[in-house]
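Q: Sharing input19.txt below, compact mmCIF, C-alpha atoms:
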```txt
# COMPACT_ATOMS: atom_id res chain seq x y z
CA MET A 11 -51.54 24.54 27.73
CA THR A 12 -48.80 22.86 29.78
CA TRP A 13 -46.42 25.00 31.82
CA VAL A 14 -43.57 23.95 29.53
CA ALA A 15 -45.51 25.16 26.50
CA ALA A 16 -46.42 28.38 28.31
CA VAL A 17 -42.77 29.13 29.09
CA ALA A 18 -41.87 28.42 25.46
CA ARG A 19 -44.66 30.73 24.31
CA LEU A 20 -43.42 33.59 26.44
CA ARG A 21 -39.88 33.04 25.15
CA ALA A 22 -41.02 32.99 21.52
CA ARG A 23 -43.00 36.19 22.01
CA ARG A 24 -40.15 37.77 23.96
CA GLU A 25 -42.44 38.46 26.92
CA ALA A 26 -41.31 38.39 30.54
CA GLY A 27 -42.94 36.04 33.02
CA VAL A 28 -42.52 34.12 36.25
CA LEU A 29 -42.56 30.38 36.85
CA VAL A 30 -44.30 29.60 40.16
CA THR A 31 -43.73 26.17 41.72
CA VAL A 32 -45.08 24.58 44.88
CA ALA A 33 -41.73 23.79 46.50
CA THR A 34 -42.80 22.11 49.76
CA VAL A 35 -46.04 20.99 51.36
CA ARG A 36 -46.56 20.19 55.05
CA GLY A 37 -49.91 18.74 56.01
CA HIS A 38 -52.99 19.29 53.84
CA ALA A 39 -52.81 21.67 50.84
CA PRO A 40 -54.65 22.16 47.54
CA ARG A 41 -51.79 20.86 45.38
CA LYS A 42 -48.78 18.62 45.83
CA ALA A 43 -45.18 19.78 45.65
CA GLY A 44 -44.15 20.30 42.04
CA ALA A 45 -47.40 21.91 40.88
CA LYS A 46 -46.63 24.82 38.58
CA LEU A 47 -48.13 28.08 37.40
CA VAL A 48 -46.75 30.38 34.70
CA VAL A 49 -47.56 34.07 35.09
CA GLY A 50 -47.29 36.59 32.28
CA ARG A 51 -48.13 40.27 32.25
CA SER A 52 -51.72 39.59 31.13
CA GLY A 53 -52.29 35.86 31.43
CA THR A 54 -51.63 32.75 33.52
CA TRP A 55 -51.27 29.07 32.69
CA GLY A 56 -51.50 26.14 35.08
CA SER A 57 -52.39 26.26 38.78
CA ILE A 58 -50.85 25.92 42.21
CA GLY A 59 -54.21 25.37 43.89
CA GLY A 60 -56.26 28.52 43.44
CA GLY A 61 -57.51 30.64 46.31
CA ASN A 62 -55.33 32.97 48.34
CA ILE A 63 -52.07 31.11 47.59
CA GLU A 64 -52.47 31.49 43.85
CA ALA A 65 -53.80 35.05 43.94
CA VAL A 66 -50.97 36.30 46.16
CA ALA A 67 -48.38 34.47 44.08
CA ILE A 68 -49.77 36.05 40.90
CA ASP A 69 -49.67 39.51 42.49
CA ARG A 70 -46.07 39.04 43.54
CA ALA A 71 -45.09 37.51 40.20
CA ARG A 72 -46.38 40.57 38.36
CA GLU A 73 -44.38 42.78 40.69
CA LEU A 74 -41.27 40.76 39.83
CA ILE A 75 -42.00 41.07 36.11
CA GLY A 76 -41.73 44.83 36.50
CA THR A 77 -38.55 44.69 38.61
CA PRO A 78 -35.21 44.89 36.75
CA GLY A 79 -32.79 42.17 37.81
CA ALA A 80 -35.40 40.33 39.89
CA GLU A 81 -34.10 37.21 41.65
CA PRO A 82 -35.91 33.95 42.54
CA GLU A 83 -37.65 34.05 45.89
CA LEU A 84 -39.71 31.89 48.26
CA MET A 85 -43.10 32.66 49.75
CA ASP A 86 -44.56 30.81 52.75
CA PHE A 87 -48.30 30.28 53.33
CA ARG A 88 -50.07 28.91 56.40
CA LEU A 89 -53.46 27.47 55.50
CA ASN A 90 -55.69 28.00 58.52
CA ASP A 91 -58.55 30.28 59.50
CA LYS A 92 -56.41 32.25 61.96
CA VAL A 93 -54.28 33.77 59.20
CA THR A 94 -55.33 37.07 57.68
CA ASN A 95 -55.06 36.64 53.92
CA ARG A 96 -55.18 39.20 51.18
CA HIS A 97 -57.55 37.18 48.99
CA GLY A 98 -59.72 35.17 51.38
CA VAL A 99 -59.39 32.24 53.76
CA GLN A 100 -57.83 28.86 53.00
CA CYS A 101 -58.15 26.50 55.94
CA CYS A 102 -56.77 23.21 54.59
CA GLY A 103 -54.65 23.03 57.72
CA GLY A 104 -51.21 22.68 56.15
CA ALA A 105 -48.40 24.96 55.10
CA VAL A 106 -46.98 25.59 51.65
CA THR A 107 -43.77 27.14 50.35
CA VAL A 108 -43.85 28.52 46.83
CA LEU A 109 -40.84 29.31 44.63
CA LEU A 110 -41.08 32.20 42.17
CA GLU A 111 -38.52 32.17 39.35
CA PRO A 112 -38.41 35.20 37.04
CA LEU A 113 -38.34 34.45 33.31
CA PRO A 114 -36.81 37.62 31.87
CA VAL A 115 -36.74 38.53 28.22
CA VAL A 116 -33.34 37.37 27.03
CA PRO A 117 -31.03 39.66 25.03
CA ALA A 118 -31.15 39.46 21.24
CA VAL A 119 -28.18 39.82 18.88
CA ALA A 120 -28.08 39.89 15.09
CA VAL A 121 -24.76 39.14 13.39
CA PHE A 122 -24.68 40.26 9.77
CA GLY A 123 -21.88 38.30 8.10
CA VAL A 124 -20.98 34.81 9.26
CA GLY A 125 -17.43 34.66 7.94
CA HIS A 126 -14.38 33.77 10.03
CA VAL A 127 -15.06 36.34 12.75
CA GLY A 128 -18.83 35.98 12.58
CA LEU A 129 -18.72 32.22 13.07
CA GLU A 130 -16.27 32.48 15.99
CA LEU A 131 -18.55 35.08 17.56
CA ALA A 132 -21.59 32.88 17.01
CA ARG A 133 -19.83 30.00 18.76
CA ILE A 134 -19.32 32.15 21.85
CA LEU A 135 -22.73 33.83 21.89
CA ALA A 136 -24.54 30.54 21.31
CA ARG A 137 -23.43 29.43 24.77
CA HIS A 138 -25.52 32.16 26.40
CA HIS A 139 -29.25 32.55 26.98
CA LEU A 140 -30.19 34.87 24.14
CA ASP A 141 -31.83 35.03 20.72
CA LEU A 142 -29.09 34.89 18.10
CA HIS A 143 -29.76 35.85 14.49
CA LEU A 144 -27.15 34.87 11.88
CA VAL A 145 -27.53 36.68 8.57
CA ASP A 146 -25.53 36.18 5.38
CA THR A 147 -26.03 36.59 1.65
CA ARG A 148 -23.77 33.59 0.92
CA PRO A 149 -25.43 30.18 1.25
CA ASP A 150 -22.10 28.42 1.82
CA MET A 151 -21.66 30.37 5.06
CA LEU A 152 -24.90 28.97 6.46
CA THR A 153 -24.72 25.28 5.62
CA ASP A 154 -25.72 22.73 8.23
CA GLU A 155 -22.20 21.36 8.17
CA ARG A 156 -20.58 24.73 8.83
CA LEU A 157 -23.06 25.68 11.55
CA GLY A 158 -22.83 22.24 13.13
CA VAL A 159 -20.55 23.75 15.80
CA LEU A 160 -23.69 25.41 17.18
CA ALA A 161 -25.58 22.15 17.61
CA ASP A 162 -25.39 22.31 21.40
CA ALA A 163 -26.38 25.98 21.55
CA VAL A 164 -28.05 27.35 24.65
CA ALA A 165 -29.20 30.32 22.59
CA GLN A 166 -32.10 30.11 20.18
CA VAL A 167 -30.38 30.42 16.81
CA HIS A 168 -32.24 31.91 13.85
CA VAL A 169 -30.53 31.57 10.46
CA HIS A 170 -31.36 34.05 7.68
CA HIS A 171 -30.10 33.51 4.13
CA THR A 172 -30.66 36.84 2.37
CA PRO A 173 -29.15 36.73 -1.13
CA LEU A 174 -30.39 40.18 -2.16
CA LEU A 175 -31.34 42.55 0.65
CA PRO A 176 -29.96 41.56 4.06
CA GLU A 177 -31.10 44.88 5.49
CA GLU A 178 -34.70 43.67 5.27
CA VAL A 179 -33.96 41.41 8.25
CA LEU A 180 -33.56 44.55 10.39
CA GLU A 181 -37.29 45.18 10.15
CA GLU A 182 -38.02 41.68 11.53
CA LEU A 183 -35.86 42.03 14.64
CA ALA A 184 -37.37 42.48 18.08
CA PRO A 185 -37.00 45.88 19.77
CA GLY A 186 -33.70 46.19 21.58
CA THR A 187 -31.83 43.74 19.36
CA HIS A 188 -28.10 44.49 19.22
CA VAL A 189 -26.76 44.57 15.67
CA LEU A 190 -23.23 43.70 14.55
CA ILE A 191 -22.26 44.42 10.95
CA MET A 192 -19.31 42.36 9.69
CA THR A 193 -20.03 41.14 6.18
CA HIS A 194 -17.52 40.28 3.46
CA ASP A 195 -18.53 43.32 1.35
CA HIS A 196 -17.97 46.96 2.34
CA ALA A 197 -20.87 48.05 0.11
CA GLU A 198 -23.13 45.63 1.98
CA ASP A 199 -21.81 46.94 5.29
CA ALA A 200 -22.56 50.50 4.22
CA ALA A 201 -26.12 49.65 3.18
CA LEU A 202 -26.69 47.84 6.49
CA ALA A 203 -25.27 50.73 8.51
CA ASP A 204 -27.59 53.17 6.76
CA ALA A 205 -30.61 50.88 7.18
CA ALA A 206 -29.82 50.21 10.85
CA LEU A 207 -29.82 53.93 11.59
CA ARG A 208 -33.24 54.15 9.95
CA THR A 209 -34.70 51.22 11.92
CA ALA A 210 -36.45 52.31 15.08
CA GLY A 211 -36.00 50.45 18.33
CA LEU A 212 -32.72 48.65 17.77
CA GLY A 213 -30.20 48.27 20.57
CA SER A 214 -26.54 48.99 19.96
CA ILE A 215 -25.12 49.01 16.42
CA GLY A 216 -21.55 47.84 15.86
CA LEU A 217 -19.44 47.92 12.70
CA ILE A 218 -16.24 46.00 12.17
CA GLY A 219 -13.43 47.71 10.29
CA SER A 220 -10.54 50.13 10.24
CA ALA A 221 -10.45 53.84 10.95
CA ALA A 222 -10.10 54.51 7.22
CA LYS A 223 -13.23 52.49 6.47
CA TRP A 224 -15.18 54.38 9.13
CA THR A 225 -14.04 57.75 7.76
CA ARG A 226 -15.48 56.84 4.37
CA PHE A 227 -18.65 55.43 5.86
CA ARG A 228 -19.22 58.42 8.12
CA HIS A 229 -18.93 60.80 5.17
CA ARG A 230 -21.31 58.69 3.10
CA LEU A 231 -23.86 58.36 5.90
CA ALA A 232 -23.89 62.14 6.28
CA THR A 233 -23.84 63.22 2.64
CA GLU A 234 -25.80 60.45 0.92
CA GLY A 235 -27.79 59.12 3.85
CA GLY A 236 -28.70 62.48 5.32
CA HIS A 237 -27.97 61.39 8.89
CA ASP A 238 -26.86 63.98 11.42
CA ALA A 239 -23.77 63.54 13.56
CA ALA A 240 -25.67 62.40 16.66
CA THR A 241 -27.45 59.67 14.70
CA ILE A 242 -24.22 58.47 13.08
CA ASP A 243 -22.59 58.31 16.52
CA ARG A 244 -24.99 55.48 17.40
CA ILE A 245 -22.68 53.22 15.42
CA LYS A 246 -19.76 51.90 17.44
CA THR A 247 -16.58 51.20 15.53
CA PRO A 248 -14.20 49.58 16.07
CA ILE A 249 -16.18 46.95 17.96
CA GLY A 250 -14.98 45.04 20.99
CA LEU A 251 -12.89 46.04 23.99
CA ALA A 252 -10.27 48.66 23.26
CA GLY A 253 -7.58 46.90 25.27
CA ILE A 254 -7.70 43.74 23.15
CA THR A 255 -5.82 44.44 19.93
CA GLY A 256 -5.24 41.00 18.39
CA LYS A 257 -6.49 40.48 14.84
CA GLU A 258 -7.09 36.72 14.89
CA PRO A 259 -10.79 35.91 14.30
CA ALA A 260 -11.14 34.14 17.66
CA THR A 261 -9.49 37.04 19.50
CA ILE A 262 -11.76 39.60 17.85
CA ALA A 263 -14.78 37.42 18.64
CA VAL A 264 -13.85 37.16 22.32
CA SER A 265 -13.39 40.93 22.49
CA VAL A 266 -16.73 41.65 20.81
CA ALA A 267 -18.58 39.09 22.95
CA ALA A 268 -17.10 40.52 26.15
CA ASP A 269 -18.19 44.01 25.16
CA LEU A 270 -21.69 42.72 24.44
CA LEU A 271 -21.87 41.04 27.84
CA LEU A 272 -21.04 44.37 29.46
CA THR A 273 -23.84 45.95 27.42
CA PHE A 274 -26.27 43.27 28.61
CA GLU A 275 -25.28 44.02 32.21
CA ARG A 276 -25.94 47.73 31.71
CA ASP A 277 -29.33 46.97 30.12
CA ARG A 278 -30.39 44.92 33.17
CA ARG A 279 -29.81 47.78 35.61
```
Can the structure in the file be given as structure tokens, please?
A:
Amino acid sequence: MTWVAAVARLRARREAGVLVTVATVRGHAPRKAGAKLVVGRSGTWGSIGGGNIEAVAIDRARELIGTPGAEPELMDFRLNDKVTNRHGVQCCGGAVTVLLEPLPVVPAVAVFGVGHVGLELARILARHHLDLHLVDTRPDMLTDERLGVLADAVAQVHVHHTPLLPEEVLEELAPGTHVLIMTHDHAEDAALADAALRTAGLGSIGLIGSAAKWTRFRHRLATEGGHDAATIDRIKTPIGLAGITGKEPATIAVSVAADLLLTFERDRR
């Protein structure tokens, strides 16, 4: 498997890793500059030359995988028999610098309802490194033409057309996925809110709407859904930053996206 494929595999499986690259070579060394190794929690792909260099780099990469907010770093190796190495002697005679670049698991967001606000929010979120799920029961909201504004997305965009039971998508989401409920139908919103509270492992849950809507929903979640107050309080409504009060779709989207970015920052600590 190529290093590119290995990185893609980790991303698809939402597993953290580290990309290890031979950055510079002076004198004789096992591999030339540019050689790459991908390190996951339980596997490796590619090689930067084997021996002590590779073993030490793998050890350090796995330490970085377990370190929140890890930053790229350089490691220097002298390849001679006078150097005490952790994993044996390499006496090629040269010196090598290795770059370790953490490949963290990116945030995941699921937007239920891709109407005016949902599409504006998708346009903003798509410009960030994350997994973005767009869910709607209406096929006309998910046409290629309408979603063409996301063609240059940095995010990996997953489109779900769910004509009957959009809440079933909740069971497919990766642990920690942040959920935003903003469909065109209050009954659909209510069903999604109830299902989200019953789905283990989700991140934050946000619900768009007025105070009056939330009063009705809260009563229904308690009396019909059987949820206690602490569980219901997992739902944040209204969504977005409190200081931004505009009602235009783009304004709401900016507010919600900014609040999400703050949540991502907190999650990385």
Q: Using all atoms listed in the file, pick whichever of A:Ala200, A:Leu84, A:Ile218, A:Ile262 has the shortest atom-to-atom distance to Ala232 (chain A).
A: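 Going through A:Ala200, A:Leu84, A:Ile218, A:Ile262 one by one, the smallest distance to Ala232 (chain A) is for A:Ala200.
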Q: For Pro248 (chain A), please output as a list in words all residues within 9 Å (counting all atoms listed in the file; exclusion window: fewer than 3 positions along the same chain).
A: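 Listed by chain and then number, they are Gly216, Leu217, Ile218, Gly219, Ser220, Ala221, Trp224, Leu251 and Ala252 of chain A.
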Q: Between CA of Glu198 (chain A) and CA of Ala120 (chain A), what is the distance in Å, rounded to a tenth?
A: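 If I compute the distance from CA of Glu198 (chain A) to CA of Ala120 (chain A), I get 15.1 Å.
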Q: Find the residues around Pro78 (chain A) up to 10 Å (only C-alpha atoms counted), leave out those fewer than 2 positions away in its own chain, and share them as number ranges by chain.
A: A: 74-76, 80-81, 114, 277-279
Q: Give as number ranges by chain each residue that has an atom at most 10 Å from (-26.9, 40.9, 31.0) in the file, counting only C-alpha atoms.
A: A: 79, 116-117, 138-140, 270-279
Q: What would region 105-116 of chain A look like with all heavy atoms in place, written as a PDB file, in the frame of the given file?
A:
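Final output, part_8.pdb:
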```pdb
ATOM      1  N   ALA A 105     -49.266  23.815  55.415  1.00  0.00           N
ATOM      2  CA  ALA A 105     -48.400  24.960  55.100  1.00  0.00           C
ATOM      3  C   ALA A 105     -47.712  24.686  53.770  1.00  0.00           C
ATOM      4  O   ALA A 105     -47.367  23.539  53.464  1.00  0.00           O
ATOM      5  CB  ALA A 105     -47.358  25.165  56.196  1.00  0.00           C
ATOM      6  N   VAL A 106     -47.521  25.723  53.005  1.00  0.00           N
ATOM      7  CA  VAL A 106     -46.980  25.590  51.650  1.00  0.00           C
ATOM      8  C   VAL A 106     -45.884  26.626  51.441  1.00  0.00           C
ATOM      9  O   VAL A 106     -46.015  27.775  51.877  1.00  0.00           O
ATOM     10  CB  VAL A 106     -48.087  25.789  50.582  1.00  0.00           C
ATOM     11  CG1 VAL A 106     -47.496  25.853  49.183  1.00  0.00           C
ATOM     12  CG2 VAL A 106     -49.121  24.682  50.669  1.00  0.00           C
ATOM     13  N   THR A 107     -44.811  26.204  50.803  1.00  0.00           N
ATOM     14  CA  THR A 107     -43.770  27.140  50.350  1.00  0.00           C
ATOM     15  C   THR A 107     -43.775  27.145  48.824  1.00  0.00           C
ATOM     16  O   THR A 107     -43.787  26.083  48.186  1.00  0.00           O
ATOM     17  CB  THR A 107     -42.380  26.720  50.854  1.00  0.00           C
ATOM     18  OG1 THR A 107     -42.386  26.736  52.279  1.00  0.00           O
ATOM     19  CG2 THR A 107     -41.312  27.684  50.352  1.00  0.00           C
ATOM     20  N   VAL A 108     -43.782  28.342  48.278  1.00  0.00           N
ATOM     21  CA  VAL A 108     -43.850  28.520  46.830  1.00  0.00           C
ATOM     22  C   VAL A 108     -42.584  29.220  46.346  1.00  0.00           C
ATOM     23  O   VAL A 108     -42.131  30.188  46.960  1.00  0.00           O
ATOM     24  CB  VAL A 108     -45.102  29.356  46.457  1.00  0.00           C
ATOM     25  CG1 VAL A 108     -45.075  29.742  44.992  1.00  0.00           C
ATOM     26  CG2 VAL A 108     -46.364  28.583  46.774  1.00  0.00           C
ATOM     27  N   LEU A 109     -42.019  28.713  45.249  1.00  0.00           N
ATOM     28  CA  LEU A 109     -40.840  29.310  44.630  1.00  0.00           C
ATOM     29  C   LEU A 109     -41.260  30.092  43.401  1.00  0.00           C
ATOM     30  O   LEU A 109     -41.952  29.565  42.519  1.00  0.00           O
ATOM     31  CB  LEU A 109     -39.845  28.225  44.230  1.00  0.00           C
ATOM     32  CG  LEU A 109     -38.639  28.664  43.382  1.00  0.00           C
ATOM     33  CD1 LEU A 109     -37.737  29.613  44.164  1.00  0.00           C
ATOM     34  CD2 LEU A 109     -37.846  27.449  42.900  1.00  0.00           C
ATOM     35  N   LEU A 110     -40.824  31.357  43.333  1.00  0.00           N
ATOM     36  CA  LEU A 110     -41.080  32.200  42.170  1.00  0.00           C
ATOM     37  C   LEU A 110     -39.766  32.435  41.432  1.00  0.00           C
ATOM     38  O   LEU A 110     -38.808  32.961  42.012  1.00  0.00           O
ATOM     39  CB  LEU A 110     -41.689  33.544  42.583  1.00  0.00           C
ATOM     40  CG  LEU A 110     -43.118  33.503  43.150  1.00  0.00           C
ATOM     41  CD1 LEU A 110     -43.090  33.225  44.642  1.00  0.00           C
ATOM     42  CD2 LEU A 110     -43.845  34.814  42.868  1.00  0.00           C
ATOM     43  N   GLU A 111     -39.731  32.031  40.173  1.00  0.00           N
ATOM     44  CA  GLU A 111     -38.520  32.170  39.350  1.00  0.00           C
ATOM     45  C   GLU A 111     -38.803  33.099  38.174  1.00  0.00           C
ATOM     46  O   GLU A 111     -39.570  32.744  37.268  1.00  0.00           O
ATOM     47  CB  GLU A 111     -38.079  30.810  38.822  1.00  0.00           C
ATOM     48  CG  GLU A 111     -37.705  29.803  39.890  1.00  0.00           C
ATOM     49  CD  GLU A 111     -37.360  28.455  39.301  1.00  0.00           C
ATOM     50  OE1 GLU A 111     -36.172  28.221  38.973  1.00  0.00           O
ATOM     51  OE2 GLU A 111     -38.279  27.626  39.147  1.00  0.00           O
ATOM     52  N   PRO A 112     -38.203  34.286  38.163  1.00  0.00           N
ATOM     53  CA  PRO A 112     -38.410  35.200  37.040  1.00  0.00           C
ATOM     54  C   PRO A 112     -37.926  34.600  35.727  1.00  0.00           C
ATOM     55  O   PRO A 112     -36.902  33.914  35.670  1.00  0.00           O
ATOM     56  CB  PRO A 112     -37.575  36.432  37.428  1.00  0.00           C
ATOM     57  CG  PRO A 112     -37.461  36.353  38.916  1.00  0.00           C
ATOM     58  CD  PRO A 112     -37.377  34.881  39.226  1.00  0.00           C
ATOM     59  N   LEU A 113     -38.694  34.857  34.667  1.00  0.00           N
ATOM     60  CA  LEU A 113     -38.340  34.450  33.310  1.00  0.00           C
ATOM     61  C   LEU A 113     -38.160  35.722  32.484  1.00  0.00           C
ATOM     62  O   LEU A 113     -39.090  36.181  31.814  1.00  0.00           O
ATOM     63  CB  LEU A 113     -39.446  33.579  32.701  1.00  0.00           C
ATOM     64  CG  LEU A 113     -39.848  32.323  33.491  1.00  0.00           C
ATOM     65  CD1 LEU A 113     -41.107  31.707  32.898  1.00  0.00           C
ATOM     66  CD2 LEU A 113     -38.708  31.324  33.504  1.00  0.00           C
ATOM     67  N   PRO A 114     -36.997  36.333  32.557  1.00  0.00           N
ATOM     68  CA  PRO A 114     -36.810  37.620  31.870  1.00  0.00           C
ATOM     69  C   PRO A 114     -36.739  37.445  30.361  1.00  0.00           C
ATOM     70  O   PRO A 114     -36.498  36.339  29.854  1.00  0.00           O
ATOM     71  CB  PRO A 114     -35.465  38.103  32.429  1.00  0.00           C
ATOM     72  CG  PRO A 114     -34.735  36.844  32.765  1.00  0.00           C
ATOM     73  CD  PRO A 114     -35.775  35.873  33.243  1.00  0.00           C
ATOM     74  N   VAL A 115     -36.969  38.525  29.666  1.00  0.00           N
ATOM     75  CA  VAL A 115     -36.740  38.530  28.220  1.00  0.00           C
ATOM     76  C   VAL A 115     -35.245  38.502  27.985  1.00  0.00           C
ATOM     77  O   VAL A 115     -34.516  39.364  28.496  1.00  0.00           O
ATOM     78  CB  VAL A 115     -37.360  39.785  27.569  1.00  0.00           C
ATOM     79  CG1 VAL A 115     -37.053  39.815  26.077  1.00  0.00           C
ATOM     80  CG2 VAL A 115     -38.859  39.822  27.805  1.00  0.00           C
ATOM     81  N   VAL A 116     -34.776  37.517  27.235  1.00  0.00           N
ATOM     82  CA  VAL A 116     -33.340  37.370  27.030  1.00  0.00           C
ATOM     83  C   VAL A 116     -32.844  38.393  26.009  1.00  0.00           C
ATOM     84  O   VAL A 116     -33.622  38.884  25.180  1.00  0.00           O
ATOM     85  CB  VAL A 116     -32.977  35.948  26.569  1.00  0.00           C
ATOM     86  CG1 VAL A 116     -33.392  34.925  27.617  1.00  0.00           C
ATOM     87  CG2 VAL A 116     -33.620  35.626  25.223  1.00  0.00           C
TER      88      VAL A 116
END
```
